[in-house]
>>> print(open('final-v3.cif').read())   # mmCIF, C-alpha atoms and all ligand atoms
data_structure
loop_
_atom_site.label_atom_id
_atom_site.label_comp_id
_atom_site.auth_asym_id
_atom_site.auth_seq_id
_atom_site.Cartn_x
_atom_site.Cartn_y
_atom_site.Cartn_z
CA MET A 103 12.55 6.08 -26.64
CA THR A 104 15.86 7.56 -25.46
CA PRO A 105 16.45 7.91 -21.70
CA ALA A 106 16.12 11.70 -22.11
CA ALA A 107 12.79 11.34 -23.96
CA ARG A 108 11.53 9.22 -21.07
CA LEU A 109 12.47 12.04 -18.68
CA GLN A 110 10.47 14.52 -20.78
CA ALA A 111 7.44 12.16 -20.85
CA ALA A 112 7.64 11.72 -17.06
CA ALA A 113 7.78 15.52 -16.60
CA GLU A 114 4.60 15.93 -18.69
CA ILE A 115 2.77 13.20 -16.74
CA LEU A 116 3.89 14.77 -13.44
CA ASP A 117 2.47 18.12 -14.58
CA ALA A 118 -0.92 16.44 -15.12
CA ILE A 119 -0.72 14.84 -11.64
CA LEU A 120 0.24 18.18 -10.07
CA ASN A 121 -2.89 19.56 -11.78
CA SER A 122 -5.01 17.04 -9.84
CA THR A 123 -5.22 14.16 -12.36
CA PRO A 124 -4.98 10.85 -10.43
CA ALA A 125 -1.56 9.24 -11.07
CA GLU A 126 -2.90 6.03 -12.71
CA GLN A 127 -5.20 8.05 -14.97
CA ALA A 128 -2.38 10.38 -16.03
CA LEU A 129 -0.14 7.39 -16.88
CA THR A 130 -2.88 5.57 -18.81
CA ARG A 131 -3.83 8.70 -20.74
CA TRP A 132 -0.20 9.31 -21.72
CA ALA A 133 0.24 5.68 -22.84
CA ARG A 134 -2.95 5.85 -24.94
CA ASN A 135 -1.71 8.98 -26.71
CA SER A 136 1.84 7.63 -27.14
CA ARG A 137 1.51 4.42 -29.14
CA PHE A 138 5.20 4.67 -30.11
CA ALA A 139 6.17 3.82 -26.52
CA GLY A 140 6.97 0.16 -25.87
CA SER A 141 6.29 -1.72 -22.64
CA LYS A 142 9.85 -1.08 -21.38
CA ASP A 143 9.41 2.66 -22.00
CA ARG A 144 6.09 2.66 -20.16
CA ALA A 145 7.57 0.78 -17.20
CA ALA A 146 10.60 3.10 -17.00
CA ILE A 147 8.43 6.21 -17.21
CA ARG A 148 6.13 4.85 -14.52
CA ASP A 149 9.15 4.32 -12.24
CA LEU A 150 10.36 7.89 -12.87
CA VAL A 151 6.90 9.29 -12.08
CA PHE A 152 6.48 7.27 -8.88
CA ASP A 153 10.04 8.01 -7.71
CA ALA A 154 9.31 11.73 -8.14
CA LEU A 155 5.99 11.46 -6.27
CA ARG A 156 7.61 9.64 -3.34
CA CYS A 157 10.28 12.35 -3.10
CA LYS A 158 8.20 15.29 -4.34
CA ARG A 159 9.30 17.78 -1.68
CA SER A 160 13.03 17.09 -1.79
CA PHE A 161 13.14 16.83 -5.60
CA ALA A 162 11.24 20.15 -5.95
CA HIS A 163 13.74 21.68 -3.52
CA LEU A 164 16.70 20.42 -5.55
CA GLY A 165 15.06 21.25 -8.88
CA GLY A 166 13.98 24.75 -7.83
CA ALA A 167 10.32 24.31 -8.82
CA GLU A 168 7.32 22.11 -8.02
CA THR A 169 6.61 21.36 -11.68
CA GLY A 170 7.13 18.18 -13.68
CA ARG A 171 10.34 19.63 -15.09
CA GLY A 172 11.50 20.80 -11.63
CA LEU A 173 10.90 17.35 -10.12
CA ILE A 174 12.80 15.55 -12.87
CA LEU A 175 15.64 18.04 -12.61
CA GLY A 176 15.74 17.63 -8.82
CA GLY A 177 15.63 13.83 -9.16
CA LEU A 178 18.73 13.91 -11.37
CA ARG A 179 20.55 16.17 -8.88
CA ALA A 180 19.53 13.82 -6.03
CA GLN A 181 21.34 11.00 -7.88
CA GLY A 182 24.40 13.17 -8.35
CA ALA A 183 23.81 13.40 -12.12
CA ASP A 184 24.31 16.59 -14.14
CA PRO A 185 20.91 17.60 -15.59
CA ALA A 186 22.65 19.39 -18.49
CA ASP A 187 23.70 15.98 -19.83
CA HIS A 188 20.00 15.04 -20.24
CA PHE A 189 18.29 18.41 -20.82
CA THR A 190 19.75 18.84 -24.30
CA GLY A 191 16.68 19.73 -26.36
CA THR A 192 17.72 17.23 -29.03
CA GLY A 193 15.13 14.72 -30.27
CA HIS A 194 12.45 14.45 -27.59
CA ALA A 195 14.75 15.37 -24.68
CA PRO A 196 13.75 18.16 -22.26
CA ALA A 197 14.63 21.69 -23.41
CA PRO A 198 18.13 22.87 -22.40
CA LEU A 199 18.49 24.39 -18.93
CA SER A 200 17.72 28.10 -18.65
CA GLU A 201 20.38 30.32 -17.08
CA ASP A 202 18.38 30.37 -13.82
CA GLU A 203 18.05 26.59 -13.77
CA ALA A 204 21.73 26.04 -14.55
CA SER A 205 22.96 28.48 -11.89
CA TYR A 206 20.44 27.47 -9.19
CA ILE A 207 22.08 26.46 -5.91
CA PRO A 208 19.54 24.76 -3.59
CA PRO A 209 19.41 26.28 -0.09
CA PRO A 210 20.07 23.95 2.88
CA MET A 211 17.32 21.33 3.11
CA PRO A 212 15.11 21.37 6.25
CA GLU A 213 14.56 17.94 7.85
CA ALA A 214 10.90 17.60 6.80
CA VAL A 215 11.88 18.36 3.20
CA ALA A 216 14.74 15.85 3.27
CA LEU A 217 12.32 13.23 4.67
CA ASP A 218 9.63 14.13 2.12
CA CYS A 219 7.12 14.61 4.89
CA PRO A 220 4.34 17.23 4.86
CA ASP A 221 5.01 19.69 7.74
CA TRP A 222 1.70 19.06 9.52
CA LEU A 223 2.46 15.32 9.72
CA VAL A 224 5.91 15.67 11.34
CA PRO A 225 4.57 15.88 14.94
CA GLN A 226 2.08 13.07 14.22
CA PHE A 227 4.75 10.72 12.86
CA SER A 228 7.33 11.57 15.50
CA SER A 229 4.93 10.95 18.41
CA SER A 230 3.66 7.74 16.73
CA LEU A 231 7.06 6.27 15.79
CA GLY A 232 9.48 7.75 18.35
CA THR A 233 13.05 7.02 17.29
CA GLY A 234 11.74 5.04 14.30
CA PHE A 235 10.36 8.26 12.80
CA GLU A 236 13.32 9.22 10.62
CA PRO A 237 14.21 5.74 9.27
CA ALA A 238 10.53 4.93 8.58
CA LEU A 239 10.06 8.18 6.66
CA GLN A 240 13.30 7.50 4.76
CA ALA A 241 11.94 4.03 3.89
CA LEU A 242 8.76 5.61 2.46
CA ARG A 243 11.02 7.43 -0.06
CA GLN A 244 12.11 4.09 -1.60
CA ARG A 245 10.35 1.73 -4.01
CA ALA A 246 8.35 -1.06 -2.35
CA PRO A 247 9.41 -4.67 -2.96
CA VAL A 248 7.03 -7.04 -4.78
CA PHE A 249 5.69 -9.82 -2.57
CA LEU A 250 3.65 -12.94 -3.24
CA ARG A 251 1.52 -14.92 -0.81
CA VAL A 252 1.83 -18.65 -1.23
CA HIS A 253 -1.44 -20.59 -0.81
CA ALA A 254 -0.40 -22.55 2.28
CA GLY A 255 -3.28 -25.02 1.91
CA ARG A 256 -2.13 -26.09 -1.57
CA THR A 257 1.65 -25.77 -1.79
CA THR A 258 4.84 -24.82 0.04
CA ARG A 259 7.01 -21.75 -0.41
CA GLU A 260 9.79 -23.92 -1.86
CA GLN A 261 7.50 -25.58 -4.43
CA ALA A 262 5.97 -22.24 -5.40
CA ALA A 263 9.45 -20.68 -5.81
CA THR A 264 10.53 -23.60 -8.03
CA LEU A 265 7.42 -23.23 -10.20
CA LEU A 266 7.95 -19.46 -10.49
CA ALA A 267 11.61 -20.03 -11.47
CA ARG A 268 10.42 -22.10 -14.46
CA ASP A 269 8.70 -18.93 -15.69
CA GLY A 270 11.84 -16.85 -15.15
CA ILE A 271 10.75 -15.31 -11.85
CA GLU A 272 13.22 -15.50 -8.97
CA ALA A 273 11.38 -15.36 -5.64
CA ARG A 274 12.80 -16.02 -2.17
CA ALA A 275 11.23 -16.68 1.23
CA HIS A 276 10.78 -13.48 3.29
CA PRO A 277 10.91 -13.59 7.11
CA LEU A 278 7.86 -11.35 7.72
CA ALA A 279 5.36 -14.17 7.18
CA ALA A 280 5.54 -17.94 6.67
CA THR A 281 3.56 -17.49 3.43
CA ALA A 282 5.64 -14.64 1.95
CA LEU A 283 7.94 -14.73 -1.08
CA GLU A 284 9.82 -11.64 -2.23
CA VAL A 285 10.13 -11.35 -5.99
CA HIS A 286 13.65 -10.42 -7.09
CA THR A 287 13.43 -10.66 -10.88
CA ASN A 288 10.85 -10.30 -13.62
CA PRO A 289 7.86 -9.08 -11.53
CA ARG A 290 5.95 -8.10 -14.66
CA ALA A 291 5.71 -11.79 -15.65
CA ILE A 292 3.86 -12.81 -12.48
CA GLN A 293 0.34 -12.58 -13.84
CA ARG A 294 1.24 -14.83 -16.81
CA SER A 295 3.03 -17.42 -14.67
CA GLN A 296 1.68 -20.92 -14.09
CA ALA A 297 1.86 -20.51 -10.29
CA TYR A 298 -0.30 -17.39 -10.46
CA LEU A 299 -2.78 -18.71 -13.03
CA GLU A 300 -3.31 -21.85 -10.93
CA GLY A 301 -3.97 -19.77 -7.80
CA LEU A 302 -0.91 -21.05 -5.94
CA VAL A 303 0.36 -17.49 -5.42
CA GLU A 304 -1.31 -14.10 -5.07
CA LEU A 305 0.17 -10.60 -5.00
CA GLN A 306 0.03 -9.41 -1.39
CA ASP A 307 2.32 -7.27 0.73
CA ALA A 308 4.36 -9.28 3.27
CA ALA A 309 3.18 -7.24 6.29
CA SER A 310 -0.43 -7.67 5.14
CA GLN A 311 0.29 -11.43 5.22
CA ALA A 312 1.92 -11.08 8.66
CA VAL A 313 -1.32 -9.52 9.94
CA ILE A 314 -3.25 -12.61 8.83
CA THR A 315 -0.76 -15.05 10.35
CA ALA A 316 -0.99 -13.11 13.67
CA LEU A 317 -4.77 -13.70 13.91
CA PRO A 318 -6.15 -16.37 16.28
CA ALA A 319 -6.41 -19.86 14.69
CA LEU A 320 -8.54 -19.64 11.54
CA THR A 321 -9.06 -23.24 10.42
CA GLY A 322 -12.77 -24.11 10.44
CA LYS A 323 -13.72 -20.72 11.97
CA THR A 324 -16.39 -18.36 10.67
CA VAL A 325 -14.98 -14.96 9.71
CA LEU A 326 -16.69 -11.74 8.69
CA ASP A 327 -14.34 -9.55 6.65
CA TYR A 328 -16.28 -6.35 7.27
CA CYS A 329 -14.20 -4.11 4.93
CA ALA A 330 -13.24 -6.74 2.36
CA GLY A 331 -12.46 -4.40 -0.59
CA GLY A 332 -10.58 -6.32 -3.28
CA GLY A 333 -10.34 -9.24 -0.87
CA GLY A 334 -6.60 -9.59 -0.27
CA LYS A 335 -7.10 -10.51 3.38
CA ALA A 336 -10.34 -12.47 2.76
CA LEU A 337 -8.44 -14.71 0.32
CA ALA A 338 -5.52 -15.13 2.73
CA MET A 339 -7.91 -16.21 5.51
CA ALA A 340 -9.79 -18.61 3.22
CA ALA A 341 -6.46 -20.17 2.19
CA LEU A 342 -5.85 -20.94 5.88
CA GLY A 343 -9.17 -22.79 6.14
CA ALA A 344 -11.54 -20.08 7.43
CA HIS A 345 -15.18 -19.86 6.24
CA VAL A 346 -15.10 -16.26 5.06
CA THR A 347 -18.01 -13.89 4.46
CA ALA A 348 -16.90 -10.74 2.64
CA HIS A 349 -18.69 -7.43 3.15
CA ASP A 350 -17.90 -3.89 2.04
CA ALA A 351 -19.82 -0.59 2.06
CA LYS A 352 -19.08 -0.46 -1.69
CA ARG A 353 -20.10 -3.76 -3.22
CA ALA A 354 -18.33 -2.91 -6.49
CA ARG A 355 -14.99 -3.07 -4.66
CA MET A 356 -15.56 -6.82 -4.19
CA SER A 357 -16.40 -7.51 -7.85
CA ASP A 358 -13.14 -9.42 -8.57
CA LEU A 359 -13.36 -11.47 -5.41
CA PRO A 360 -15.37 -14.44 -6.77
CA ASN A 361 -12.90 -14.88 -9.66
CA ARG A 362 -9.88 -14.58 -7.40
CA ALA A 363 -11.39 -17.09 -4.97
CA ALA A 364 -12.16 -19.50 -7.83
CA ARG A 365 -8.55 -19.26 -9.06
CA ALA A 366 -7.38 -20.14 -5.52
CA ARG A 367 -10.01 -22.96 -5.42
CA ASP A 368 -11.49 -21.42 -2.28
CA SER A 369 -15.00 -20.22 -1.69
CA ILE A 370 -15.95 -16.87 -0.17
CA ALA A 371 -19.52 -15.66 0.42
CA VAL A 372 -19.97 -12.06 -0.77
CA LYS A 373 -22.69 -10.16 1.13
CA GLU A 374 -24.05 -6.65 0.69
CA ARG A 375 -25.41 -6.64 4.25
CA ALA A 376 -23.64 -8.21 7.18
CA THR A 377 -25.87 -10.40 9.35
CA GLY A 378 -25.25 -12.90 12.14
CA LEU A 379 -22.43 -13.64 14.56
CA PHE A 380 -18.90 -14.79 13.68
CA ASP A 381 -15.91 -16.34 15.45
CA LEU A 382 -13.79 -13.49 14.10
CA VAL A 383 -14.76 -10.08 12.73
CA LEU A 384 -11.95 -8.42 10.80
CA THR A 385 -12.18 -4.65 10.26
CA ASP A 386 -9.47 -3.67 7.76
CA VAL A 387 -10.67 -0.08 7.88
CA PRO A 388 -10.20 2.77 5.40
CA CYS A 389 -7.24 4.84 6.64
CA SER A 390 -4.61 7.38 5.64
CA GLY A 391 -2.62 4.54 4.06
CA SER A 392 0.52 6.11 5.54
CA GLY A 393 2.07 2.64 5.86
CA SER A 394 1.73 2.06 2.12
CA TRP A 395 2.76 5.43 0.74
CA ARG A 396 5.67 3.77 -1.11
CA ARG A 397 3.02 2.18 -3.36
CA SER A 398 0.55 5.11 -3.45
CA PRO A 399 2.83 8.12 -3.00
CA ALA A 400 0.38 10.75 -4.26
CA ALA A 401 -1.76 10.09 -1.16
CA LYS A 402 1.05 11.44 1.06
CA TRP A 403 0.57 14.89 -0.43
CA THR A 404 -3.22 14.95 -0.74
CA LEU A 405 -4.02 13.91 2.85
CA THR A 406 -5.25 16.89 4.90
CA PRO A 407 -5.97 17.24 8.65
CA GLU A 408 -9.70 17.40 7.78
CA ALA A 409 -9.53 14.23 5.66
CA LEU A 410 -7.71 12.45 8.49
CA ASP A 411 -10.45 13.52 10.95
CA THR A 412 -13.10 12.16 8.56
CA LEU A 413 -11.21 8.85 8.25
CA CYS A 414 -10.98 8.56 12.03
CA ALA A 415 -14.74 9.17 12.36
CA THR A 416 -15.41 6.41 9.79
CA GLN A 417 -13.09 4.03 11.67
CA THR A 418 -14.98 4.73 14.91
CA GLU A 419 -18.31 4.03 13.22
CA ILE A 420 -17.05 0.81 11.59
CA LEU A 421 -15.69 -0.53 14.89
CA ASP A 422 -19.01 0.13 16.67
CA ASN A 423 -21.03 -1.53 13.88
CA ALA A 424 -18.69 -4.47 13.40
CA ARG A 425 -18.63 -5.42 17.07
CA GLN A 426 -22.32 -6.31 16.82
CA HIS A 427 -21.28 -9.30 14.69
CA MET A 428 -18.81 -10.66 17.20
CA HIS A 429 -19.77 -13.98 18.77
CA PRO A 430 -19.62 -13.57 22.60
CA ALA A 431 -16.66 -15.98 22.64
CA GLY A 432 -15.22 -14.56 19.44
CA TRP A 433 -12.64 -12.02 18.35
CA LEU A 434 -12.59 -8.57 16.83
CA ALA A 435 -9.46 -7.72 14.81
CA TYR A 436 -8.87 -4.06 13.95
CA VAL A 437 -6.38 -3.42 11.14
CA THR A 438 -4.99 -0.34 9.40
CA CYS A 439 -2.16 0.21 6.93
CA SER A 440 -1.34 3.38 8.83
CA MET A 441 1.57 4.29 11.09
CA LEU A 442 -0.33 7.11 12.83
CA GLU A 443 -1.26 6.67 16.48
CA VAL A 444 -4.50 8.59 15.98
CA GLU A 445 -5.78 5.84 13.65
CA ASN A 446 -4.26 3.00 15.67
CA GLN A 447 -3.68 2.96 19.44
CA GLN A 448 -5.83 6.05 20.08
CA GLN A 449 -8.72 4.60 18.09
CA ILE A 450 -8.57 1.36 20.12
CA THR A 451 -8.27 3.16 23.48
CA ALA A 452 -11.41 5.18 22.67
CA PHE A 453 -13.26 2.07 21.43
CA LEU A 454 -12.50 0.13 24.61
CA ALA A 455 -13.62 3.10 26.71
CA ARG A 456 -16.99 2.97 24.88
CA HIS A 457 -17.19 -0.84 25.31
CA PRO A 458 -15.87 -1.76 28.77
CA ASP A 459 -17.07 -5.36 28.30
CA LEU A 460 -14.25 -5.82 25.75
CA GLU A 461 -10.50 -6.01 26.27
CA LEU A 462 -7.37 -5.66 24.18
CA VAL A 463 -5.48 -8.95 24.15
CA GLN A 464 -2.59 -7.80 21.96
CA ASP A 465 -1.65 -5.13 19.48
CA MET A 466 1.18 -5.19 16.95
CA GLN A 467 2.74 -2.68 14.61
CA TRP A 468 4.82 -3.15 11.47
CA THR A 469 6.76 -0.44 9.63
CA PRO A 470 8.48 -0.47 6.22
CA LEU A 471 11.76 -1.02 8.09
CA GLU A 472 10.83 -4.70 8.33
CA GLY A 473 10.48 -4.83 4.54
CA GLY A 474 6.70 -4.78 4.07
CA ASP A 475 4.22 -1.93 4.38
CA GLY A 476 3.31 -0.29 7.69
CA PHE A 477 0.41 -2.03 9.43
CA TYR A 478 -1.32 -2.03 12.81
CA LEU A 479 -3.34 -4.91 14.30
CA ALA A 480 -5.36 -4.93 17.54
CA LEU A 481 -6.90 -8.19 18.78
CA ILE A 482 -9.92 -7.70 21.01
CA ARG A 483 -12.30 -10.06 22.77
CA THR A 484 -14.92 -10.11 25.50
CA ARG A 485 -13.45 -9.40 28.93
CA ILE A 486 -13.25 -12.62 30.93
CA GLY A 487 -14.36 -12.37 34.58
C1 LIG B 1 -8.26 -0.84 3.46
S1 LIG B 1 -9.55 -1.15 2.35
C2 LIG B 1 -9.77 -2.89 2.49
C3 LIG B 1 -8.68 -3.71 1.87
C4 LIG B 1 -8.97 -5.20 1.86
N1 LIG B 1 -9.38 -5.72 3.14
C5 LIG B 1 -7.79 -6.03 1.37
O1 LIG B 1 -7.07 -6.65 2.15
O2 LIG B 1 -7.61 -6.04 0.15
C6 LIG B 1 -10.94 -0.53 3.20
C7 LIG B 1 -12.29 -0.87 2.61
O3 LIG B 1 -13.27 -0.38 3.52
C8 LIG B 1 -14.44 -0.07 2.79
N2 LIG B 1 -15.30 0.78 3.62
C9 LIG B 1 -15.31 2.12 3.76
N3 LIG B 1 -16.25 2.51 4.62
C10 LIG B 1 -16.88 1.39 5.06
C11 LIG B 1 -17.94 1.12 5.96
N4 LIG B 1 -18.56 2.12 6.61
N5 LIG B 1 -18.32 -0.14 6.15
C12 LIG B 1 -17.67 -1.17 5.50
N6 LIG B 1 -16.67 -0.98 4.63
C13 LIG B 1 -16.27 0.28 4.41
C14 LIG B 1 -13.89 0.59 1.55
O4 LIG B 1 -14.84 0.55 0.49
C15 LIG B 1 -12.62 -0.21 1.27
O5 LIG B 1 -12.87 -1.21 0.32
#
>>> encode(input="final-v3.cif", output="structure tokens")
Amino acid sequence: MTPAARLQAAAEILDAILNSTPAEQALTRWARNSRFAGSKDRAAIRDLVFDALRCKRSFAHLGGAETGRGLILGGLRAQGADPADHFTGTGHAPAPLSEDEASYIPPPMPEAVALDCPDWLVPQFSSSLGTGFEPALQALRQRAPVFLRVHAGRTTREQAATLLARDGIEARAHPLAATALEVHTNPRAIQRSQAYLEGLVELQDAASQAVITALPALTGKTVLDYCAGGGGKALAMAALGAHVTAHDAKRARMSDLPNRAARARDSIAVKERATGLFDLVLTDVPCSGSGSWRRSPAAKWTLTPEALDTLCATQTEILDNARQHMHPAGWLAYVTCSMLEVENQQQITAFLARHPDLELVQDMQWTPLEGGDGFYLALIRTRIG
């Protein structure tokens, strides 16, 4: 496909997404109906679609319309390119610019538009992030790096990087976590690489790894991963020698976990119902995902105040249920991939007010400015004395 034909394909996929088709489904459907497209075309079109979703507001502003065509047009203008060079109508390129499109001069861009932030979230982000508000929002407009977690119980970062290099993947140590490698070349080869197939590396965001390394000592401890989902954190804890029990309200979410654990040569118990007491209960709760909107940009635009309220209510309920599984001398770790105070510090303040026998030992926050996704971690235990 020509570069211009890729732009036209991305515009059509964006139209489907703007009409409420989930992004992954829209991309898969297009690929199924477009057998002529090779893997490089599909990857390039995916990048165009995700770039436009991350910057939907500013691209629509520059393109003059919130349509697939408007977003692609605005994206070209954002790069300083002349859309007329690409919108030629020849072959499968987008149709030539109309007179209105060609003569359109974007009005000055308000700050929230330039930051690609929904208006209602501006006060939330600015009170949550203070002076970090603008740079963090700017970071959410960029592509996320690809990170691997090295299985610390089985290899070192250096050995894993050497093994990956043999498969043409350049990966370098990242400072966010002692287990983290950032992939610089050939990320699409990871799942075919020897290091991955032998369970020596796993795909996991670097800040997600930093959360695990910030937990109290895990070796030999019993851990309940109360919201285990696909098991990214359960696997990271097992790799550090914890005896992990995985639980999730939706069992199906954990279906890949036994295979992933087997590949890592670790064992994780998967339970539909959580019972008993544990040295550590981890609640990696469902949240707005505002720390990971680089990876799931459509969520930035679909979140509503009502949906955020519902998420906060679920977080409250999970915390209250999960604490029942905390050994009296144990820990409760509350985690979100959100940068919003209402899901983080405010949730913990309210929880501790309901449970005065518990205390906050430490809380930590990561934002995309450190390289990984945005995360929050609160470490709680029984009040001593
Ligand atoms: C942020 S995801 C977990 C990600 C996972 N820990 C990881 O690292 O890959 C949150 C998970 O919480 C689960 N969940 C939602 N409501 C729940 C509840 N009331 N109790 C337990 N799990 C719940 C969801 O099904 C989802 O899998």
>>> residues_near_ligand(input="final-v3.cif", ligand="ligand LIG 1 (chain B)", cutoff="6 Å", atoms="all atoms listed in the file", output="number ranges by chain")
A: 328-335, 350-352, 355, 386-388, 420
>>> residues_near_point(input="final-v3.cif", point="(-22.7, -7.0, 4.1)", cutoff="8 Å", atoms="all atoms listed in the file", output="list in words")
Tyr328, Ala348, His349, Asp350, Ala351, Val372, Lys373, Glu374, Arg375, Ala376 and Thr377 of chain A
>>> closest_residue(input="final-v3.cif", among="A:Ala400, A:Arg365, A:Arg256, A:Thr192", to="A:Glu126", atoms="all atoms listed in the file")
A:Ala400
>>> residues_around(input="final-v3.cif", residues="A:Asp307", least_positions_apart="2", cutoff="10 Å", atoms="all atoms listed in the file", output="VMD selection string")
chain A and resid 246 to 251 278 to 279 282 to 284 304 to 305 309 to 312 334 394 473 to 476
>>> atom_distance(input="final-v3.cif", atom1="atom CA of A:Val224", atom2="atom CA of A:Leu239")
9.8 Å
>>> atom_distance(input="final-v3.cif", atom1="atom CA of A:Phe453", atom2="atom CA of A:Ala415")
11.6 Å
>>> closest_residue(input="final-v3.cif", among="A:Cys219, A:Phe138, A:Ile292, A:Val303", to="A:Glu260", atoms="only C-alpha atoms")
A:Val303
>>> atom_distance(input="final-v3.cif", atom1="atom CA of A:Gly322", atom2="atom CA of A:Ala341")
11.1 Å
>>> residues_around(input="final-v3.cif", residues="A:Ala344", least_positions_apart="2", cutoff="8 Å", atoms="only C-alpha atoms", output="PyMOL selection string")
chain A and resi 320-325+339-342+346
>>> residues_near_point(input="final-v3.cif", point="(15.1, 11.8, -7.3)", cutoff="10 Å", atoms="only C-alpha atoms", output="number ranges by chain")
A: 150-158, 160-162, 164-165, 173-182, 243
>>> write_last_selection(input="final-v3.cif", atoms="C-alpha atoms", output="short mmCIF file (atom, residue, chain, number, x, y, z; two decimals), in the coordinates of the input")
data_model
loop_
_atom_site.label_atom_id
_atom_site.label_comp_id
_atom_site.auth_asym_id
_atom_site.auth_seq_id
_atom_site.Cartn_x
_atom_site.Cartn_y
_atom_site.Cartn_z
CA LEU A 150 10.36 7.89 -12.87
CA VAL A 151 6.90 9.29 -12.08
CA PHE A 152 6.48 7.27 -8.88
CA ASP A 153 10.04 8.01 -7.71
CA ALA A 154 9.31 11.73 -8.14
CA LEU A 155 5.99 11.46 -6.27
CA ARG A 156 7.61 9.64 -3.34
CA CYS A 157 10.28 12.35 -3.10
CA LYS A 158 8.20 15.29 -4.34
CA SER A 160 13.03 17.09 -1.79
CA PHE A 161 13.14 16.83 -5.60
CA ALA A 162 11.24 20.15 -5.95
CA LEU A 164 16.70 20.42 -5.55
CA GLY A 165 15.06 21.25 -8.88
CA LEU A 173 10.90 17.35 -10.12
CA ILE A 174 12.80 15.55 -12.87
CA LEU A 175 15.64 18.04 -12.61
CA GLY A 176 15.74 17.63 -8.82
CA GLY A 177 15.63 13.83 -9.16
CA LEU A 178 18.73 13.91 -11.37
CA ARG A 179 20.55 16.17 -8.88
CA ALA A 180 19.53 13.82 -6.03
CA GLN A 181 21.34 11.00 -7.88
CA GLY A 182 24.40 13.17 -8.35
CA ARG A 243 11.02 7.43 -0.06
#
>>> closest_residue(input="final-v3.cif", among="A:Tyr478, A:Glu461, A:Pro407, A:Arg259", to="A:Val437", atoms="only C-alpha atoms")
A:Tyr478
>>> closest_residue(input="final-v3.cif", among="A:Gln226, A:Asn423, A:Thr104, A:Asn135", to="A:Gly193", atoms="all atoms listed in the file")
A:Thr104
>>> closest_residue(input="final-v3.cif", among="A:Leu434, A:Ala204, A:Leu326, A:Ala107", to="A:His188", atoms="only C-alpha atoms")
A:Ala107
>>> closest_residue(input="final-v3.cif", among="A:Ala297, A:Val444, A:Leu454, A:Ala431", to="A:Leu265", atoms="only C-alpha atoms")
A:Ala297
>>> build_atoms(input="final-v3.cif", residues="stretch 466-477 of chain A", atoms="N, CA and C atoms", output="CSV table (one decimal), in the coordinates of the input")
chain,number,residue,atom,x,y,z
A,466,MET,N,-0.1,-5.0,17.6
A,466,MET,CA,1.2,-5.2,17.0
A,466,MET,C,1.3,-4.1,15.9
A,467,GLN,N,2.5,-3.7,15.6
A,467,GLN,CA,2.7,-2.7,14.6
A,467,GLN,C,3.9,-3.1,13.7
A,468,TRP,N,3.7,-2.9,12.4
A,468,TRP,CA,4.8,-3.2,11.5
A,468,TRP,C,5.1,-1.8,10.8
A,469,THR,N,6.4,-1.6,10.4
A,469,THR,CA,6.8,-0.4,9.6
A,469,THR,C,7.5,-0.9,8.4
A,470,PRO,N,7.7,0.0,7.4
A,470,PRO,CA,8.5,-0.5,6.2
A,470,PRO,C,9.9,-0.9,6.5
A,471,LEU,N,10.4,-0.6,7.7
A,471,LEU,CA,11.8,-1.0,8.1
A,471,LEU,C,11.9,-2.5,8.1
A,472,GLU,N,10.8,-3.2,8.3
A,472,GLU,CA,10.8,-4.7,8.3
A,472,GLU,C,10.7,-5.2,6.9
A,473,GLY,N,10.5,-4.4,5.9
A,473,GLY,CA,10.5,-4.8,4.5
A,473,GLY,C,9.1,-4.7,3.9
A,474,GLY,N,8.0,-4.9,4.6
A,474,GLY,CA,6.7,-4.8,4.1
A,474,GLY,C,6.2,-3.4,4.3
A,475,ASP,N,4.8,-3.2,4.1
A,475,ASP,CA,4.2,-1.9,4.4
A,475,ASP,C,4.0,-1.7,5.9
A,476,GLY,N,3.6,-0.5,6.3
A,476,GLY,CA,3.3,-0.3,7.7
A,476,GLY,C,1.9,-0.8,8.0
A,477,PHE,N,1.7,-1.5,9.0
A,477,PHE,CA,0.4,-2.0,9.4
A,477,PHE,C,0.2,-2.0,10.9
